[in-house]
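This report concerns only the one structure given below.
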Amino acid sequence: MPARVLLVDDEKGFVDTMAKRLENRGYTVGVAYDGPQALDALDKGDIFFDVVVLDVKMPGMDGNEALKRIKAAHPLVEVIMLTGHATVESAIEGMKSGAFDYLMKPCDLESLTAKIGEAQGRKEAHENKILEARARHIVLRRGD
Amino acid sequence: MPAGQTVRGAPNAEWSGFMSDAHYYQGLAKSMMFTIILVSFAPLLVVVLIAGYQYSVAYEEKVEAHLRELVLKHDQTIDSYLDEKMAEIRVLAKVIDLGRLATPEGIRALHDALTLGHGTDFVDLGLIDEHGIQVAYSGPFRLQGLDYSREPWFKAVREKTVHVSDVGLGMRGVPHFIIALRMRAEGREWVLRSTLDFIAFNRLVEDIRIGETGMAYIVNREGEFQTTPRRDMTAEAPFLRELARSLTGSADQVHGRAAMAVMDNPATGRETIFVTSPIKGGDWLMVYQQDTADAFATLNRSRDLAIGILFLGGLAITVMAFLMSRRMARKVERADAAKEILNEQVIEAGKLASVGELAAGIAHEINNPVAIMVEEAGWIQDLLEEGLSRDDNEREVQRALNQIRTQGGRCKEITHKLLSFARKIDPTVMSFDLNELVREIAELSGQRAKYANVVIETSLGDNIAPIEASPSEMQQVFLNLVNNAIDAMDPGGGDLDIITRQEGDTVLALVSDTGSGIPEANLSRIFDPFFTTKPVGKGTGLGLSIIYGIINKLGGTITVDSAVGRGTTFTISLPAGKNGGGDAPDGAGTPEA
């Protein structure tokens with residue numbers, strides 16, 4: 001099942017076009033044009049997003065700030081940082097605070113979908129581990 | 001506008017570029033020369049003065065002591081000579097039978113014995129009875145039977161036992177002096193008289209000769225010469241009489257001490273040293289006189305030498321100081337010129353660095369439209385794969401192409417702005433509208449400001465006179481100020497206001513932010529080159545110093561008004577151009593947007 005992706009960037013044209021292309025490839029895509037919108041979408045939206053593609057440089061709340069809040073509220077959601085060349089340092093900084101990886105703008109769709117796939121895989125692995133742990137917990141409790 | 005410290009950019013000599021003033025270097029050379037002369041000459045002068053004074057005092061004391069000693073020694077010699085002669089006569093008178101002495105043979109025998117023992121000191125010998133008649137005589141003259149009763153020495157010897165007369169011509173017209181001895185025998189009084197060789201006696205005193213003018217002589221209380229002086233001294237006789245009289249009465253004239261006096265000799269008109277000592281129980285006065293100049297000839301030579309050395313040394317020092325200071329001033333001038341060139345290079349480097357920073361920022365801005373174009377192109381590709389006939393794919397492709405065109409235009413705009421800044425900074429001064437420039441800068445910095453949450457507001461005065469400046473340099477000034485302001489408000493953002501207005505003959509431009517403000521300690525240094533509070537690699541510290549240089553060159557001023565936590569306002573005031581306000585903006589040299 002293709003991942004559910006949330007695209008966050010202040011460049012509306014970029015986000016919208018990319019959303020259309022991803023949707024065309026079967027992904028479930030949500031868009032947000034700044035940090036607070038992205039957090040809202042994750043909190044109250046009707047889709048449970050697997051992967052967030054997050055622009056580093058945004059007016060208002062910047063990418064790193066948004067990343068920290070996303071990781072705090074939704075630890076399992078994987079975040080891919082999207083950066084212009086000048087902010088590679090801050091993208092790497094973002095990885096230190098828990099981003100999955102970073103991509104340079106402009107990027108081609110293939111590498112983005114590949115990254116999204118990897119991120120989704122990791123998220124599923126994490127979820128499976130949690131499920132297993134829960135199952136073991138239940139089994140152990142029954143064994144008492 | 002935040003209240004706070006206002007610091008006028010201190011006129012920094014290195015930056016003002018007015019150092020190459022010939023007067024400045026002349027003044028520098030002059031002050032260096034005077035310092036060198038003063039420092040080298042003062043110790044020399046002090047040493048010469050102190051050492052010279054000490055030396056002259058010591059030398060004078062020594063000369064004085066030497067002269068006193070000399071006079072005293074001769075004084076004693078003469079006294080002992082006279083005493084000896086008197087003692088001899090006395091002894092003879094005691095041992096020889098007066099009856100026999102009265103005979104010509106007896107007196108000749110005694111005279112022969114004296115001559116044998118004392119050479120020719122005793123010229124003659126005579127025996128005189130109480131009436132003053134010479135009854136016996138032995139000697140080279142025929143003086144037998146002469147009457148001495150009226151002679152002063154004969155009168156004197158009647159009162160004392162022994163008398164030594166002054167030197168006089170006597171009865172025979174030859175200078176001599178007489179020792180007379182009163183004797184008593186067979187109830188009668190006799191006087192034994194001997195003439196002493198004046199030449200032998202004179203030699204004792206004449207031998208004292210020092211230098212050109214130093215000489216000794218003996219005078220009696222009346223100032224009459226008892227010895228023959230070296231030269232004719234008749235002119236000095238009245239003066240000497242006065243001297244003898246004054247000195248004999250003074251308390252200094254204790255036996256065994258020589259008195260010294262320095263006075264003008266009326267005869268020669270020169271300053272003369274007189275050393276006097278009483279001899280013969282105070283009857284005579286031994287005088288040694290020497291011209292001061294002669295006595296202190298060595299001292300004067302040393303003084304002349306010292307003055308000569310001082311003069312030559314002073315001359316050498318002055319010449320050296322002159323040459324050295326000129327050479328040093330030239331070196332300073334050359335170093336200053338080299339520094340100026342270096343400064344220009346540094347400023348140029350700073351300009352390049354700021355253009356580099358700008359380029360990095362703008363390249364990043366270009367990434368966004370490029371990313372959109374890449375996405376749109378990919379979308380068109382996706383649609384083409386589906387086929388244009390499906391749904392409204394054709395319209396979608398049209399929209400995507402339009403978007404690509406729009407984004408391409410955005411790129412073009414950005415690159416043009418960049419180009420206008422990356423052009424070699426053109427220092428050509430021309431008349432242009434400041435408001436136009438401010439508008440451009442605000443637009444150019446808009447993107448960066450947006451990401452930094454900074455709101456740029458411009459409040460541009462109407463009818464502002466065009467300013468005479470280099471547009472590209474002024475762009476640099478405002479770009480730097482705006483970038484600094486945005487940095488100062490990072491993180492968190494704030495308001496950046498750019499205000500222009502005209503006040504009389506000056507055009508004012510204020511760039512104020514609501515950022516962190518500048519600590520008071522840094523306020524006076526912000527215009528210094530390489531002063532920066534930004535971390536290494538983030539700023540060159542040249543921005544404000546370059547701005548200062550540019551504004552200063554235009555005859556304007558830049559001031560800063562800042563308070564920590566409340567923000568900073570930079571105020572640039574520039575002289576208004578000649579063709580008053582209201583003219584259409586020139587626009588030359590500004591980028592076409």
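For the structure tokens, the naming scheme is as follows: chains receive sequential letters (A, B, ...) according to their order of presentation, residues are indexed from 1 within each chain, and ligands are indexed from 1 in presentation order.
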_Please find the residues of chain B near chain A - the criterion being any atom within 9 Å, counting only C-alpha atoms - and write them as a PyMOL selection string._
chain B and resi 360-361+363-365+367-376+378-379+382+400+403+449-453+492-493
Expected file contents, prior selection, N, CA and C atoms, as an mmCIF file, in the first residue's frame:
```cif
data_model
loop_
_atom_site.group_PDB
_atom_site.id
_atom_site.type_symbol
_atom_site.label_atom_id
_atom_site.label_comp_id
_atom_site.auth_asym_id
_atom_site.auth_seq_id
_atom_site.Cartn_x
_atom_site.Cartn_y
_atom_site.Cartn_z
ATOM 1 N N ALA B 360 25.055 33.935 -2.613
ATOM 2 C CA ALA B 360 24.628 32.689 -1.974
ATOM 3 C C ALA B 360 23.145 32.758 -1.624
ATOM 4 N N GLY B 361 22.751 33.932 -1.075
ATOM 5 C CA GLY B 361 21.344 34.101 -0.713
ATOM 6 C C GLY B 361 20.453 34.006 -1.920
ATOM 7 N N ALA B 363 21.088 32.650 -4.864
ATOM 8 C CA ALA B 363 21.082 31.308 -5.466
ATOM 9 C C ALA B 363 20.040 30.436 -4.771
ATOM 10 N N HIS B 364 19.969 30.623 -3.464
ATOM 11 C CA HIS B 364 18.976 29.861 -2.717
ATOM 12 C C HIS B 364 17.553 30.256 -3.134
ATOM 13 N N GLU B 365 17.367 31.569 -3.353
ATOM 14 C CA GLU B 365 16.048 32.030 -3.782
ATOM 15 C C GLU B 365 15.668 31.427 -5.135
ATOM 16 N N ASN B 367 16.467 28.565 -6.190
ATOM 17 C CA ASN B 367 16.143 27.138 -6.069
ATOM 18 C C ASN B 367 14.641 26.884 -6.048
ATOM 19 N N ASN B 368 13.901 27.778 -5.388
ATOM 20 C CA ASN B 368 12.458 27.551 -5.275
ATOM 21 C C ASN B 368 11.752 27.562 -6.624
ATOM 22 N N PRO B 369 11.898 28.643 -7.422
ATOM 23 C CA PRO B 369 11.243 28.594 -8.752
ATOM 24 C C PRO B 369 11.753 27.449 -9.605
ATOM 25 N N VAL B 370 13.063 27.147 -9.485
ATOM 26 C CA VAL B 370 13.596 26.045 -10.295
ATOM 27 C C VAL B 370 12.920 24.730 -9.888
ATOM 28 N N ALA B 371 12.772 24.559 -8.577
ATOM 29 C CA ALA B 371 12.125 23.338 -8.098
ATOM 30 C C ALA B 371 10.706 23.233 -8.651
ATOM 31 N N ILE B 372 10.000 24.386 -8.646
ATOM 32 C CA ILE B 372 8.627 24.381 -9.173
ATOM 33 C C ILE B 372 8.639 24.012 -10.649
ATOM 34 N N MET B 373 9.602 24.627 -11.398
ATOM 35 C CA MET B 373 9.657 24.339 -12.848
ATOM 36 C C MET B 373 9.925 22.866 -13.096
ATOM 37 N N VAL B 374 10.852 22.303 -12.288
ATOM 38 C CA VAL B 374 11.171 20.881 -12.450
ATOM 39 C C VAL B 374 9.920 20.032 -12.185
ATOM 40 N N GLU B 375 9.189 20.402 -11.129
ATOM 41 C CA GLU B 375 7.982 19.669 -10.801
ATOM 42 C C GLU B 375 6.949 19.754 -11.928
ATOM 43 N N GLU B 376 6.791 21.010 -12.434
ATOM 44 C CA GLU B 376 5.801 21.209 -13.498
ATOM 45 C C GLU B 376 6.178 20.413 -14.738
ATOM 46 N N GLY B 378 7.909 17.696 -14.808
ATOM 47 C CA GLY B 378 7.623 16.290 -14.508
ATOM 48 C C GLY B 378 6.127 15.996 -14.648
ATOM 49 N N TRP B 379 5.301 16.948 -14.203
ATOM 50 C CA TRP B 379 3.845 16.798 -14.263
ATOM 51 C C TRP B 379 3.392 16.713 -15.709
ATOM 52 N N ASP B 382 4.156 13.390 -16.950
ATOM 53 C CA ASP B 382 3.159 12.423 -16.470
ATOM 54 C C ASP B 382 1.879 12.481 -17.328
ATOM 55 N N ALA B 400 0.453 24.190 -16.513
ATOM 56 C CA ALA B 400 1.818 23.883 -16.060
ATOM 57 C C ALA B 400 2.834 24.719 -16.823
ATOM 58 N N GLN B 403 2.815 28.149 -15.571
ATOM 59 C CA GLN B 403 3.524 28.188 -14.283
ATOM 60 C C GLN B 403 5.032 28.221 -14.505
ATOM 61 N N ALA B 449 13.728 38.700 4.129
ATOM 62 C CA ALA B 449 13.007 39.220 5.288
ATOM 63 C C ALA B 449 11.834 38.316 5.623
ATOM 64 N N LYS B 450 11.176 37.805 4.590
ATOM 65 C CA LYS B 450 9.992 36.967 4.797
ATOM 66 C C LYS B 450 10.376 35.729 5.612
ATOM 67 N N TYR B 451 11.476 35.107 5.237
ATOM 68 C CA TYR B 451 11.905 33.904 5.948
ATOM 69 C C TYR B 451 12.365 34.211 7.366
ATOM 70 N N ALA B 452 12.840 35.448 7.574
ATOM 71 C CA ALA B 452 13.307 35.822 8.910
ATOM 72 C C ALA B 452 12.189 36.444 9.727
ATOM 73 N N ASN B 453 10.951 36.395 9.177
ATOM 74 C CA ASN B 453 9.788 36.985 9.845
ATOM 75 C C ASN B 453 9.960 38.479 10.091
ATOM 76 N N GLY B 492 13.127 35.323 15.577
ATOM 77 C CA GLY B 492 11.933 35.972 16.119
ATOM 78 C C GLY B 492 11.359 37.034 15.224
ATOM 79 N N GLY B 493 12.197 37.659 14.418
ATOM 80 C CA GLY B 493 11.697 38.655 13.497
ATOM 81 C C GLY B 493 11.365 39.970 14.158
#
```
*Give me every strand (DSSP E or B) residue in chain A, going by DSSP on the backbone, as number ranges by chain.*
A: 4-8, 28-32, 51-55, 78-83, 101-104
Export, as a PDB file, in the first residue's frame, the selected residues with C-alpha atoms.
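Resulting contents of again_34.pdb:
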```
ATOM      1  CA  ARG A   4       0.226   8.516   3.083  1.00  0.00           C
ATOM      2  CA  VAL A   5       2.373  11.624   2.563  1.00  0.00           C
ATOM      3  CA  LEU A   6       2.069  15.151   3.924  1.00  0.00           C
ATOM      4  CA  LEU A   7       3.903  17.792   1.817  1.00  0.00           C
ATOM      5  CA  VAL A   8       4.870  20.946   3.691  1.00  0.00           C
ATOM      6  CA  THR A  28      -2.466   9.567  -0.515  1.00  0.00           C
ATOM      7  CA  VAL A  29      -1.234  13.148  -0.298  1.00  0.00           C
ATOM      8  CA  GLY A  30      -1.972  16.019   2.033  1.00  0.00           C
ATOM      9  CA  VAL A  31      -0.567  19.533   1.653  1.00  0.00           C
ATOM     10  CA  ALA A  32       0.302  22.254   4.130  1.00  0.00           C
ATOM     11  CA  VAL A  51       5.707  10.387   5.973  1.00  0.00           C
ATOM     12  CA  VAL A  52       6.086  14.176   6.117  1.00  0.00           C
ATOM     13  CA  VAL A  53       8.164  15.907   3.423  1.00  0.00           C
ATOM     14  CA  LEU A  54       9.169  19.124   5.195  1.00  0.00           C
ATOM     15  CA  ASP A  55      10.789  22.240   3.724  1.00  0.00           C
ATOM     16  CA  GLU A  78       8.940   9.786   9.548  1.00  0.00           C
ATOM     17  CA  VAL A  79      10.081  13.212   8.312  1.00  0.00           C
ATOM     18  CA  ILE A  80      12.131  13.871   5.151  1.00  0.00           C
ATOM     19  CA  MET A  81      13.746  17.319   5.109  1.00  0.00           C
ATOM     20  CA  LEU A  82      13.678  19.219   1.828  1.00  0.00           C
ATOM     21  CA  THR A  83      16.311  21.878   1.480  1.00  0.00           C
ATOM     22  CA  ASP A 101      16.810  11.905   5.672  1.00  0.00           C
ATOM     23  CA  TYR A 102      17.129  15.050   3.619  1.00  0.00           C
ATOM     24  CA  LEU A 103      16.754  15.852  -0.054  1.00  0.00           C
ATOM     25  CA  MET A 104      18.117  18.759  -2.036  1.00  0.00           C
TER      26      MET A 104
END
```
*Quick one: residues within 10 Å of Lys160 of chain B, only C-alpha atoms counted, chain neighbours fewer than 5 positions away excluded, as a VMD selection string?*
chain B and resid 155 180 to 182
Give me a file of those residues, with N, CA, C and O atoms, as a PDB file, in the first residue's frame.
```pdb
ATOM      1  N   LYS B 155     118.589 105.346  63.839  1.00  0.00           N
ATOM      2  CA  LYS B 155     117.634 105.755  64.861  1.00  0.00           C
ATOM      3  C   LYS B 155     116.849 104.553  65.368  1.00  0.00           C
ATOM      4  O   LYS B 155     116.588 104.407  66.554  1.00  0.00           O
ATOM      5  N   ALA B 180     121.487  95.969  61.376  1.00  0.00           N
ATOM      6  CA  ALA B 180     122.260  96.676  62.409  1.00  0.00           C
ATOM      7  C   ALA B 180     121.989  96.032  63.751  1.00  0.00           C
ATOM      8  O   ALA B 180     120.872  95.612  64.044  1.00  0.00           O
ATOM      9  N   LEU B 181     123.066  95.960  64.582  1.00  0.00           N
ATOM     10  CA  LEU B 181     122.954  95.295  65.892  1.00  0.00           C
ATOM     11  C   LEU B 181     123.546  96.222  66.931  1.00  0.00           C
ATOM     12  O   LEU B 181     124.665  96.760  66.764  1.00  0.00           O
ATOM     13  N   ARG B 182     122.752  96.465  67.945  1.00  0.00           N
ATOM     14  CA  ARG B 182     123.244  97.337  69.029  1.00  0.00           C
ATOM     15  C   ARG B 182     123.971  96.467  70.061  1.00  0.00           C
ATOM     16  O   ARG B 182     123.496  95.402  70.425  1.00  0.00           O
TER      17      ARG B 182
END
```
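Shortest separation to Gly117 of chain A among A:Ala73, A:Met95, A:Leu39, A:Ala3 occurs at residue A:Ala3, atoms counted being only C-alpha atoms.
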*Excluding Val346 of chain B and any residue of its chain fewer than 2 positions from it, enumerate the residues within 12 Å of it, using only C-alpha atoms, and give them as a ChimeraX atom specification.*
/B:15,339-344,348-353,529-530,540-543,545-546
Grab the residues selected above and save them as a PDB file, in the first residue's frame with N, CA and C atoms.
```
ATOM      1  N   TRP B  15      40.790  55.922   7.455  1.00  0.00           N
ATOM      2  CA  TRP B  15      39.726  55.749   6.486  1.00  0.00           C
ATOM      3  C   TRP B  15      39.377  57.032   5.760  1.00  0.00           C
ATOM      4  N   LYS B 339      49.731  51.383   3.476  1.00  0.00           N
ATOM      5  CA  LYS B 339      48.567  51.019   4.265  1.00  0.00           C
ATOM      6  C   LYS B 339      47.282  51.418   3.538  1.00  0.00           C
ATOM      7  N   GLU B 340      47.346  52.589   2.943  1.00  0.00           N
ATOM      8  CA  GLU B 340      46.171  53.070   2.217  1.00  0.00           C
ATOM      9  C   GLU B 340      45.796  52.096   1.097  1.00  0.00           C
ATOM     10  N   ILE B 341      46.846  51.646   0.383  1.00  0.00           N
ATOM     11  CA  ILE B 341      46.600  50.700  -0.714  1.00  0.00           C
ATOM     12  C   ILE B 341      45.983  49.427  -0.149  1.00  0.00           C
ATOM     13  N   LEU B 342      46.566  48.974   0.986  1.00  0.00           N
ATOM     14  CA  LEU B 342      46.064  47.756   1.617  1.00  0.00           C
ATOM     15  C   LEU B 342      44.604  47.931   2.036  1.00  0.00           C
ATOM     16  N   ASN B 343      44.336  49.121   2.605  1.00  0.00           N
ATOM     17  CA  ASN B 343      42.964  49.398   3.031  1.00  0.00           C
ATOM     18  C   ASN B 343      42.006  49.319   1.861  1.00  0.00           C
ATOM     19  N   GLU B 344      42.434  49.909   0.739  1.00  0.00           N
ATOM     20  CA  GLU B 344      41.574  49.871  -0.433  1.00  0.00           C
ATOM     21  C   GLU B 344      41.314  48.435  -0.860  1.00  0.00           C
ATOM     22  N   GLU B 348      37.877  46.460  -1.027  1.00  0.00           N
ATOM     23  CA  GLU B 348      37.470  45.758  -2.245  1.00  0.00           C
ATOM     24  C   GLU B 348      37.098  44.313  -1.911  1.00  0.00           C
ATOM     25  N   ALA B 349      37.954  43.704  -1.043  1.00  0.00           N
ATOM     26  CA  ALA B 349      37.693  42.323  -0.635  1.00  0.00           C
ATOM     27  C   ALA B 349      36.356  42.239   0.104  1.00  0.00           C
ATOM     28  N   GLY B 350      36.121  43.265   0.940  1.00  0.00           N
ATOM     29  CA  GLY B 350      34.859  43.299   1.681  1.00  0.00           C
ATOM     30  C   GLY B 350      33.673  43.388   0.737  1.00  0.00           C
ATOM     31  N   LYS B 351      33.834  44.207  -0.320  1.00  0.00           N
ATOM     32  CA  LYS B 351      32.757  44.324  -1.298  1.00  0.00           C
ATOM     33  C   LYS B 351      32.503  42.974  -1.953  1.00  0.00           C
ATOM     34  N   LEU B 352      33.610  42.320  -2.307  1.00  0.00           N
ATOM     35  CA  LEU B 352      33.456  41.008  -2.944  1.00  0.00           C
ATOM     36  C   LEU B 352      32.758  40.042  -2.006  1.00  0.00           C
ATOM     37  N   ALA B 353      33.164  40.106  -0.714  1.00  0.00           N
ATOM     38  CA  ALA B 353      32.576  39.188   0.252  1.00  0.00           C
ATOM     39  C   ALA B 353      31.080  39.446   0.370  1.00  0.00           C
ATOM     40  N   PRO B 529      37.159  48.678  11.072  1.00  0.00           N
ATOM     41  CA  PRO B 529      37.245  47.521  10.179  1.00  0.00           C
ATOM     42  C   PRO B 529      37.500  46.240  10.957  1.00  0.00           C
ATOM     43  N   PHE B 530      36.927  45.162  10.508  1.00  0.00           N
ATOM     44  CA  PHE B 530      37.076  43.814  11.062  1.00  0.00           C
ATOM     45  C   PHE B 530      36.445  43.652  12.427  1.00  0.00           C
ATOM     46  N   THR B 540      32.404  39.471   7.845  1.00  0.00           N
ATOM     47  CA  THR B 540      33.795  39.909   7.673  1.00  0.00           C
ATOM     48  C   THR B 540      34.133  41.051   8.613  1.00  0.00           C
ATOM     49  N   GLY B 541      33.128  41.705   9.153  1.00  0.00           N
ATOM     50  CA  GLY B 541      33.397  42.868   9.991  1.00  0.00           C
ATOM     51  C   GLY B 541      33.787  44.078   9.188  1.00  0.00           C
ATOM     52  N   LEU B 542      33.502  44.022   7.904  1.00  0.00           N
ATOM     53  CA  LEU B 542      33.898  45.134   7.041  1.00  0.00           C
ATOM     54  C   LEU B 542      32.715  46.001   6.631  1.00  0.00           C
ATOM     55  N   GLY B 543      31.520  45.446   6.724  1.00  0.00           N
ATOM     56  CA  GLY B 543      30.335  46.132   6.206  1.00  0.00           C
ATOM     57  C   GLY B 543      30.233  47.576   6.667  1.00  0.00           C
ATOM     58  N   SER B 545      32.349  49.468   8.223  1.00  0.00           N
ATOM     59  CA  SER B 545      33.507  50.330   7.961  1.00  0.00           C
ATOM     60  C   SER B 545      33.503  50.772   6.503  1.00  0.00           C
ATOM     61  N   ILE B 546      33.046  49.906   5.625  1.00  0.00           N
ATOM     62  CA  ILE B 546      32.936  50.293   4.212  1.00  0.00           C
ATOM     63  C   ILE B 546      31.864  51.358   4.056  1.00  0.00           C
TER      64      ILE B 546
END
```
*Please provide the set of residues having any atom within 12 Å of Ala469 of chain B, restricted to only C-alpha atoms, with same-chain residues fewer than 3 positions apart removed, written as a ChimeraX atom specification.*
/B:426-434,437,466,472-477,550-556,574-577,588-589
With a distance cut-off of 12 Å and only C-alpha atoms, select the neighbouring residues of Ser40 of chain B, excluding the residue or stretch itself and same-chain residues fewer than 3 positions from it, and output the selection as an mmCIF file with N, CA, C and O atoms, in the first residue's frame.
```cif
data_model
loop_
_atom_site.group_PDB
_atom_site.id
_atom_site.type_symbol
_atom_site.label_atom_id
_atom_site.label_comp_id
_atom_site.auth_asym_id
_atom_site.auth_seq_id
_atom_site.Cartn_x
_atom_site.Cartn_y
_atom_site.Cartn_z
ATOM 1 N N MET B 33 62.263 66.010 14.872
ATOM 2 C CA MET B 33 63.568 66.660 14.909
ATOM 3 C C MET B 33 63.754 67.360 16.255
ATOM 4 O O MET B 33 64.769 67.178 16.915
ATOM 5 N N PHE B 34 62.729 68.099 16.686
ATOM 6 C CA PHE B 34 62.873 68.834 17.938
ATOM 7 C C PHE B 34 62.997 67.878 19.112
ATOM 8 O O PHE B 34 63.763 68.114 20.038
ATOM 9 N N THR B 35 62.255 66.784 19.054
ATOM 10 C CA THR B 35 62.350 65.803 20.136
ATOM 11 C C THR B 35 63.758 65.227 20.200
ATOM 12 O O THR B 35 64.359 65.145 21.279
ATOM 13 N N ILE B 36 64.293 64.855 19.042
ATOM 14 C CA ILE B 36 65.641 64.264 19.013
ATOM 15 C C ILE B 36 66.641 65.272 19.560
ATOM 16 O O ILE B 36 67.481 64.948 20.413
ATOM 17 N N ILE B 37 66.557 66.521 19.096
ATOM 18 C CA ILE B 37 67.513 67.536 19.532
ATOM 19 C C ILE B 37 67.412 67.742 21.033
ATOM 20 O O ILE B 37 68.416 67.729 21.747
ATOM 21 N N PRO B 43 70.863 66.224 28.010
ATOM 22 C CA PRO B 43 71.833 65.567 28.903
ATOM 23 C C PRO B 43 73.248 66.090 28.678
ATOM 24 O O PRO B 43 73.998 66.280 29.626
ATOM 25 N N LEU B 44 73.582 66.351 27.426
ATOM 26 C CA LEU B 44 74.917 66.860 27.092
ATOM 27 C C LEU B 44 75.150 68.187 27.803
ATOM 28 O O LEU B 44 76.176 68.402 28.458
ATOM 29 N N LEU B 45 74.145 69.050 27.698
ATOM 30 C CA LEU B 45 74.250 70.380 28.297
ATOM 31 C C LEU B 45 74.361 70.269 29.818
ATOM 32 O O LEU B 45 75.204 70.908 30.442
ATOM 33 N N VAL B 46 73.501 69.403 30.392
ATOM 34 C CA VAL B 46 73.505 69.246 31.851
ATOM 35 C C VAL B 46 74.860 68.728 32.314
ATOM 36 O O VAL B 46 75.460 69.242 33.265
ATOM 37 N N VAL B 47 75.385 67.714 31.607
ATOM 38 C CA VAL B 47 76.676 67.140 31.991
ATOM 39 C C VAL B 47 77.768 68.195 31.886
ATOM 40 O O VAL B 47 78.578 68.379 32.802
ATOM 41 N N LEU B 310 80.579 71.283 22.789
ATOM 42 C CA LEU B 310 79.135 71.486 22.888
ATOM 43 C C LEU B 310 78.581 72.021 21.571
ATOM 44 O O LEU B 310 77.559 71.548 21.065
ATOM 45 N N GLY B 313 79.031 69.324 18.895
ATOM 46 C CA GLY B 313 78.072 68.252 19.196
ATOM 47 C C GLY B 313 76.657 68.686 18.848
ATOM 48 O O GLY B 313 75.896 67.949 18.225
ATOM 49 N N GLY B 314 76.337 69.915 19.254
ATOM 50 C CA GLY B 314 75.005 70.450 18.958
ATOM 51 C C GLY B 314 74.757 70.509 17.464
ATOM 52 O O GLY B 314 73.697 70.127 16.965
ATOM 53 N N LEU B 315 75.807 70.945 16.760
ATOM 54 C CA LEU B 315 75.691 71.043 15.295
ATOM 55 C C LEU B 315 75.461 69.653 14.696
ATOM 56 O O LEU B 315 74.555 69.447 13.877
ATOM 57 N N ALA B 316 76.269 68.685 15.184
ATOM 58 C CA ALA B 316 76.150 67.314 14.674
ATOM 59 C C ALA B 316 74.768 66.752 14.986
ATOM 60 O O ALA B 316 74.121 66.141 14.131
ATOM 61 N N ILE B 317 74.311 66.997 16.238
ATOM 62 C CA ILE B 317 72.999 66.485 16.642
ATOM 63 C C ILE B 317 71.913 67.100 15.757
ATOM 64 O O ILE B 317 71.026 66.400 15.261
ATOM 65 N N THR B 318 72.023 68.408 15.556
ATOM 66 C CA THR B 318 70.998 69.088 14.756
ATOM 67 C C THR B 318 70.959 68.524 13.337
ATOM 68 O O THR B 318 69.892 68.209 12.808
ATOM 69 N N MET B 320 72.080 65.616 12.309
ATOM 70 C CA MET B 320 71.602 64.233 12.347
ATOM 71 C C MET B 320 70.087 64.189 12.554
ATOM 72 O O MET B 320 69.381 63.412 11.913
ATOM 73 N N ALA B 321 69.627 65.021 13.501
ATOM 74 C CA ALA B 321 68.191 65.046 13.795
ATOM 75 C C ALA B 321 67.405 65.439 12.550
ATOM 76 O O ALA B 321 66.381 64.844 12.230
#
```
*Name the closest residue to Ile498 of chain B among the candidates B:Ser56, B:Leu127, B:Lys534, B:Ala442; distances are taken between atoms, counting only C-alpha atoms.*
B:Ala442
*Would you return as a PyMOL selection string the members of segment 37-113 of chain A that DSSP assigns to alpha helix (DSSP H) on this structure's backbone?*
chain A and resi 37-44+63-73+88-96+109-113
